[in-house]
Amino acid sequence: MKILAIDSSGMPASAAVLEDGVLAAEFTVHHRRTHSQTLLGMMEEVRSVLDLDLNSIDAVAIAAGPGSFTGLRIGSATAKGIGLALDKPLIPVPTLEGMAYNFYAAKQIVVPMLDARRSQVFAGIYSFSAGGEDPLEVLMDQAPVDVKELCEKLNEISQSRSQDLILMGDGAVSYRSLIEETLRAPHSYAPAHLNEQKAGSVAARGMDLAALDDGRYLEKAADHRPVYLRVSQAERVREEKLHGHA
Amino acid sequence: MKKMSDVTILAIESSCDETAAAVVVNGRDVRSNVISSQIDIHTLYGGVVPEIASRKHTERINQVVQEALDQAQVTLDDIDAVGVTYGPGLVGALLVGVAFAKSIAWAKGLPLIGVHHIEGHISANYIENPELEPPFGCLVVSGGHTHLVQVKDYGEYEILGRTADDAAGEAFDKVARAIGLGYPGGPKIDKAAAEGDPHAVEFPRGKVRGSEYDFSFSGLKSAVLNYLNEKHMKGEEISVPDVAASFQKSVVDVLVEHSMHAVDQFGFREFAIAGGVASNGALRRAMEEACAERGVKFYRPSPILCTDNAAMIGSAAYYDYQRGIRSDWSLNAVPNLKLGER
């Protein structure tokens with residue numbers, strides 16, 4: 001199976017090709033958020049260095065959210081265009097599950113978090129287990145959460161499972177001092193080269209998801225839409241007006 | 001039958017709240033023109049919400065493009081180039097069409113052409129008028145734009161006048177909201193005005209000091225709001241049709257006056273209107289009359305080609321294609337793109 005993977009959900013833009021257990025190419029750039037200008041050029045670099053026949057791809061794995069709304073749409077529209085042009089399915093990979101794969105098979109609990117502003121993060125809590133059908137065990141599905149609340153939850157989970165924590169993502173960097181105030185469980189921070197989104201990890205997670213449950217994770221390009229985990233501000237304000245504050 | 005020399009373009013437009021795709025052959029032969037409007041959603045908010053527009057474009061774009069190919073009875077293998085609006089417009093909305101068009105062109109190895117939205121509106125006039133060729137004058141009026149343009153040649157434009165504040169369509173939206181007609185203002189005011197007296201209230205005709213072709217609509221908008229407020233304070237009823245008709249006449253008078261001034265000064269033998277407001281009945285009639293008086297041939301697209309659509313982008317892309325213009329993979333959305341610039 002050959003997968004083309006894209007992640008433009010955050011500051012890094014990343015493209016990769018994974019084929020039969022080999023990461024043939026991965027191109028990641030963390031330099032200004034100009035994904036609209038850079039992403040396709042990076043994909044062309046990957047295609048050209050591999051002399052890749054795009055028709056030979058089986059599926060496009062896409063970091064499907066959460067993340068920057070605009071970044072998600074650039075990746076999504078790019079993946080959907082390839083899907084339409086080449087009649088290929090998409091594999092929507094939850095952004096934070098893709099990130100967790102940076103630490104595939106770690107003994108620790110892996111906690112990717114993306115800065116969602118105002119002391120909030122999009123976070124997921126994951127552990128790797130060898131036994132199950134899915135190597136990734138989801139302890140908390142990705143969701144928007146207050147940093148303090150997340151830390152309290154992590155204190156409990158870490159203690160009950162007797163596992164240390166690995167914190168990663170730009171949220172762990174932005175809120176480090178806030179985390180240190182609340183988090184008592186033993187934890188470490190991801191090193192720079194494993195801290196952020198990588199399309200290679202999206203491809204690996206996508207490959208595993210595609211193998212689960214008779215391809216129910218495969219999606220038609222036309223049906224794909226990013227998972228924002230937040231409604232637009234206009235919708236939120238309107239909802240509050242109609243139903244009062246939550 | 002497809003001739004060897006035929007150029008078939010797939011065009012995509014997503015600059016505001018319409019997701020649109022079209023297949024156009026040789027710039028004027030429209031094989032399909034699919035428009036998916038989001039207007040029902042934005043009506044809930046009294047105007048276009050950029051984040052919602054961007055989300056809806058992402059959800060609809062594959063279906064719209066596929067429908068355009070199907071209706072034209074072609075596949076991507078029959079397409080010679082992909083054209084896409086890259087500005088001006090809402091940046092988040094533009095980005096969806098741009099990223100999508102780029103990836104289709106990349107995956108199929110096709111040339112990519114970034115198209116200026118206003119250039120598209122002007123080119124809408126080519127589609128139904130095989131004889132129309134530059135040079136001519138054109139007034140582009142929509143919810144986001146008011147431009148008086150000298151079309152010197154294909155892809156060569158000189159902007160003679162633009163609005164100093166609100167776009168003409170924006171003024172329609174604001175006044176429609178104030179008199180309780182709601183969004184979108186253009187068609188609603190047009191309809192209400194048909195029952196009203198355009199001379200009932202004398203609203204000002206906006207001028208911009210020192211620039212004979214520029215427009216200003218914010219003063220007119222304020223005058224309408226002041227009028228409504230005054231009536232309200234006195235406890236007097238207003239006639240919605242009369243206010244709509246009087247406001248509309250004020251906008252139309254200024255648009256026609258400046259356009260005809262340009263016709264006289266530049267000696268245009270042909271004059272066209274374009275953009276969403278070009279569907280306005282009063283504007284079409286007044287402009288036609290003024291052109292007829294001067295013996296100038298008047299052009300205006302059918303309403304379906306006045307609204308944001310991709311057929312017009314396919315037409316503009318064709319002339320860019322013929323002039324050798326190609327965009328590379330770094331093509332970006334440019335929300336404030338100027339006409340005649342790349």
# chains A, B, ... in the order shown; residues from 1 in each chain; ligands from 1
>>> interface_residues(of="chain A", to="chain B", cutoff="9 Å", atoms="only C-alpha atoms", output="ChimeraX atom specification")
/A:34,36-41,44,54-55,69-70,73-86,221-226,231-235,238
>>> select_by_dssp(residues="range 9-172 of chain A", states="helix (DSSP H, G or I)", output="PyMOL selection string")
chain A and resi 35-50+54-56+69-86+95-103+147-161+170-172
>>> residues_around(residues="range 236-244 of chain B", least_positions_apart="6", cutoff="6 Å", atoms="only C-alpha atoms", output="ChimeraX atom specification")
/B:189,192-193,195-197,200
>>> write_last_selection(atoms="N, CA and C atoms", output="PDB file, in the first residue's frame")
ATOM      1  N   ILE B 189     -34.345  45.426  -2.862  1.00  0.00           N
ATOM      2  CA  ILE B 189     -34.621  46.842  -3.133  1.00  0.00           C
ATOM      3  C   ILE B 189     -35.149  47.003  -4.567  1.00  0.00           C
ATOM      4  N   ALA B 192     -38.824  46.055  -4.422  1.00  0.00           N
ATOM      5  CA  ALA B 192     -39.649  47.023  -3.693  1.00  0.00           C
ATOM      6  C   ALA B 192     -39.746  48.338  -4.476  1.00  0.00           C
ATOM      7  N   ALA B 193     -38.633  48.727  -5.120  1.00  0.00           N
ATOM      8  CA  ALA B 193     -38.575  50.015  -5.826  1.00  0.00           C
ATOM      9  C   ALA B 193     -39.551  50.061  -6.995  1.00  0.00           C
ATOM     10  N   GLU B 195     -42.498  49.341  -7.064  1.00  0.00           N
ATOM     11  CA  GLU B 195     -43.807  49.844  -6.606  1.00  0.00           C
ATOM     12  C   GLU B 195     -43.714  51.271  -6.075  1.00  0.00           C
ATOM     13  N   GLY B 196     -42.519  51.841  -6.061  1.00  0.00           N
ATOM     14  CA  GLY B 196     -42.343  53.138  -5.408  1.00  0.00           C
ATOM     15  C   GLY B 196     -42.110  54.279  -6.377  1.00  0.00           C
ATOM     16  N   ASP B 197     -42.083  55.504  -5.826  1.00  0.00           N
ATOM     17  CA  ASP B 197     -41.842  56.711  -6.618  1.00  0.00           C
ATOM     18  C   ASP B 197     -40.381  57.139  -6.426  1.00  0.00           C
ATOM     19  N   ALA B 200     -39.858  60.527  -4.743  1.00  0.00           N
ATOM     20  CA  ALA B 200     -40.536  60.769  -3.471  1.00  0.00           C
ATOM     21  C   ALA B 200     -39.614  61.462  -2.468  1.00  0.00           C
TER      22      ALA B 200
END
>>> residues_around(residues="Val202 in chain A", least_positions_apart="4", cutoff="12 Å", atoms="only C-alpha atoms", output="PyMOL selection string")
chain A and resi 3-9+14-18+23+26+60-65+91-102+104+196-198+206-210
>>> select_by_dssp(residues="range 33-215 of chain A", states="strand (DSSP E or B)", output="number ranges by chain")
A: 59-63, 90-93, 109-115, 120-128, 136-146, 165-168, 187-189
>>> write_last_selection(atoms="N, CA and C atoms", output="tab-separated table (two decimals), in the first residue's frame")
chain	number	residue	atom	x	y	z
A	59	ALA	N	-4.02	5.88	-1.47
A	59	ALA	CA	-4.89	6.77	-0.70
A	59	ALA	C	-4.09	8.00	-0.26
A	60	VAL	N	-4.83	9.07	0.06
A	60	VAL	CA	-4.22	10.28	0.59
A	60	VAL	C	-4.60	10.40	2.06
A	61	ALA	N	-3.60	10.34	2.94
A	61	ALA	CA	-3.87	10.53	4.37
A	61	ALA	C	-3.74	12.01	4.68
A	62	ILE	N	-4.71	12.54	5.40
A	62	ILE	CA	-4.72	13.98	5.67
A	62	ILE	C	-4.95	14.23	7.16
A	63	ALA	N	-4.12	15.08	7.73
A	63	ALA	CA	-4.36	15.51	9.11
A	63	ALA	C	-5.66	16.30	9.10
A	90	LEU	N	-9.59	9.21	0.59
A	90	LEU	CA	-8.84	9.92	1.62
A	90	LEU	C	-8.86	9.10	2.91
A	91	ILE	N	-7.83	9.25	3.72
A	91	ILE	CA	-7.85	8.69	5.07
A	91	ILE	C	-7.74	9.87	6.03
A	92	PRO	N	-8.87	10.28	6.64
A	92	PRO	CA	-8.80	11.39	7.58
A	92	PRO	C	-8.16	10.92	8.88
A	93	VAL	N	-7.05	11.52	9.24
A	93	VAL	CA	-6.34	11.13	10.46
A	93	VAL	C	-6.53	12.23	11.50
A	109	ILE	N	2.43	7.60	28.61
A	109	ILE	CA	1.20	8.15	28.02
A	109	ILE	C	1.62	9.36	27.16
A	110	VAL	N	1.10	9.42	25.94
A	110	VAL	CA	1.48	10.51	25.03
A	110	VAL	C	0.35	11.54	24.97
A	111	VAL	N	0.71	12.80	25.20
A	111	VAL	CA	-0.30	13.86	25.27
A	111	VAL	C	0.04	15.00	24.29
A	112	PRO	N	-0.45	14.89	23.05
A	112	PRO	CA	-0.25	16.00	22.11
A	112	PRO	C	-1.24	17.11	22.42
A	113	MET	N	-0.78	18.33	22.35
A	113	MET	CA	-1.71	19.45	22.56
A	113	MET	C	-1.36	20.62	21.65
A	114	LEU	N	-2.41	21.19	21.05
A	114	LEU	CA	-2.24	22.34	20.16
A	114	LEU	C	-2.82	23.57	20.84
A	115	ASP	N	-2.10	24.65	20.76
A	115	ASP	CA	-2.54	25.91	21.37
A	115	ASP	C	-3.86	26.34	20.75
A	120	GLN	N	-6.50	27.54	26.57
A	120	GLN	CA	-7.10	26.28	26.12
A	120	GLN	C	-6.19	25.59	25.11
A	121	VAL	N	-6.32	24.28	25.07
A	121	VAL	CA	-5.61	23.51	24.05
A	121	VAL	C	-6.58	22.50	23.43
A	122	PHE	N	-6.28	22.11	22.20
A	122	PHE	CA	-6.88	20.90	21.65
A	122	PHE	C	-5.95	19.78	22.09
A	123	ALA	N	-6.46	18.84	22.86
A	123	ALA	CA	-5.58	17.79	23.39
A	123	ALA	C	-6.23	16.42	23.25
A	124	GLY	N	-5.37	15.41	23.18
A	124	GLY	CA	-5.81	14.02	23.25
A	124	GLY	C	-4.87	13.30	24.19
A	125	ILE	N	-5.33	12.19	24.77
A	125	ILE	CA	-4.49	11.41	25.67
A	125	ILE	C	-4.42	9.98	25.13
A	126	TYR	N	-3.20	9.52	24.87
A	126	TYR	CA	-3.04	8.24	24.18
A	126	TYR	C	-2.01	7.35	24.86
A	127	SER	N	-2.20	6.04	24.68
A	127	SER	CA	-1.21	5.08	25.15
A	127	SER	C	-1.06	4.03	24.05
A	128	PHE	N	0.12	3.43	23.96
A	128	PHE	CA	0.34	2.39	22.94
A	128	PHE	C	0.31	1.02	23.59
A	136	LEU	N	-3.01	1.98	18.98
A	136	LEU	CA	-3.21	3.22	19.73
A	136	LEU	C	-4.45	3.10	20.61
A	137	GLU	N	-4.23	3.27	21.91
A	137	GLU	CA	-5.36	3.25	22.83
A	137	GLU	C	-5.72	4.71	23.14
A	138	VAL	N	-6.98	5.05	22.90
A	138	VAL	CA	-7.41	6.44	23.12
A	138	VAL	C	-7.95	6.57	24.53
A	139	LEU	N	-7.20	7.25	25.41
A	139	LEU	CA	-7.64	7.43	26.79
A	139	LEU	C	-8.56	8.64	26.90
A	140	MET	N	-8.29	9.65	26.09
A	140	MET	CA	-9.22	10.78	25.94
A	140	MET	C	-9.16	11.21	24.50
A	141	ASP	N	-10.33	11.19	23.83
A	141	ASP	CA	-10.36	11.58	22.41
A	141	ASP	C	-10.05	13.07	22.30
A	142	GLN	N	-9.50	13.46	21.17
A	142	GLN	CA	-9.10	14.86	21.00
A	142	GLN	C	-10.28	15.80	21.21
A	143	ALA	N	-10.03	16.86	21.97
A	143	ALA	CA	-11.09	17.80	22.34
A	143	ALA	C	-10.47	19.12	22.79
A	144	PRO	N	-11.27	20.20	22.70
A	144	PRO	CA	-10.78	21.45	23.28
A	144	PRO	C	-10.92	21.38	24.81
A	145	VAL	N	-9.90	21.80	25.55
A	145	VAL	CA	-9.94	21.65	27.00
A	145	VAL	C	-9.07	22.73	27.65
A	146	ASP	N	-9.48	23.17	28.84
A	146	ASP	CA	-8.65	24.12	29.60
A	146	ASP	C	-7.38	23.42	30.03
A	165	LEU	N	4.26	10.61	31.65
A	165	LEU	CA	3.66	11.33	30.54
A	165	LEU	C	4.73	11.91	29.61
A	166	ILE	N	4.40	11.94	28.32
A	166	ILE	CA	5.18	12.75	27.37
A	166	ILE	C	4.25	13.83	26.84
A	167	LEU	N	4.62	15.08	27.05
A	167	LEU	CA	3.82	16.19	26.56
A	167	LEU	C	4.45	16.71	25.27
A	168	MET	N	3.59	16.99	24.27
A	168	MET	CA	4.13	17.45	22.98
A	168	MET	C	3.19	18.45	22.33
A	187	HIS	N	6.53	13.76	34.23
A	187	HIS	CA	6.34	14.04	32.81
A	187	HIS	C	7.61	14.57	32.18
A	188	SER	N	7.67	14.43	30.86
A	188	SER	CA	8.77	15.05	30.12
A	188	SER	C	8.19	15.73	28.89
A	189	TYR	N	8.98	16.63	28.33
A	189	TYR	CA	8.54	17.33	27.12
A	189	TYR	C	9.26	16.75	25.91
>>> closest_residue(among="B:Ala178, B:Ile122, B:Ala167, B:Val82", to="Ala11 in chain B", atoms="only C-alpha atoms")
B:Val82
>>> residues_around(residues="range 298-313 of chain B", least_positions_apart="3", cutoff="7 Å", atoms="only C-alpha atoms", output="PyMOL selection string")
chain B and resi 11-13+18+20-24+30+33+35+83-85+115+120-121+123-125+270-276+278-279+288+291+316-317
>>> closest_residue(among="B:Ala290, B:Ala168, B:Leu10, B:Val208", to="Val251 in chain B", atoms="only C-alpha atoms")
B:Ala168
>>> atom_distance(atom1="CA of Asp51 in chain A", atom2="CA of Leu112 in chain B")
21.3 Å
>>> closest_residue(among="B:Asp320, B:Asp173, B:Glu341, B:Asp214", to="Gly27 in chain B", atoms="only C-alpha atoms")
B:Asp320
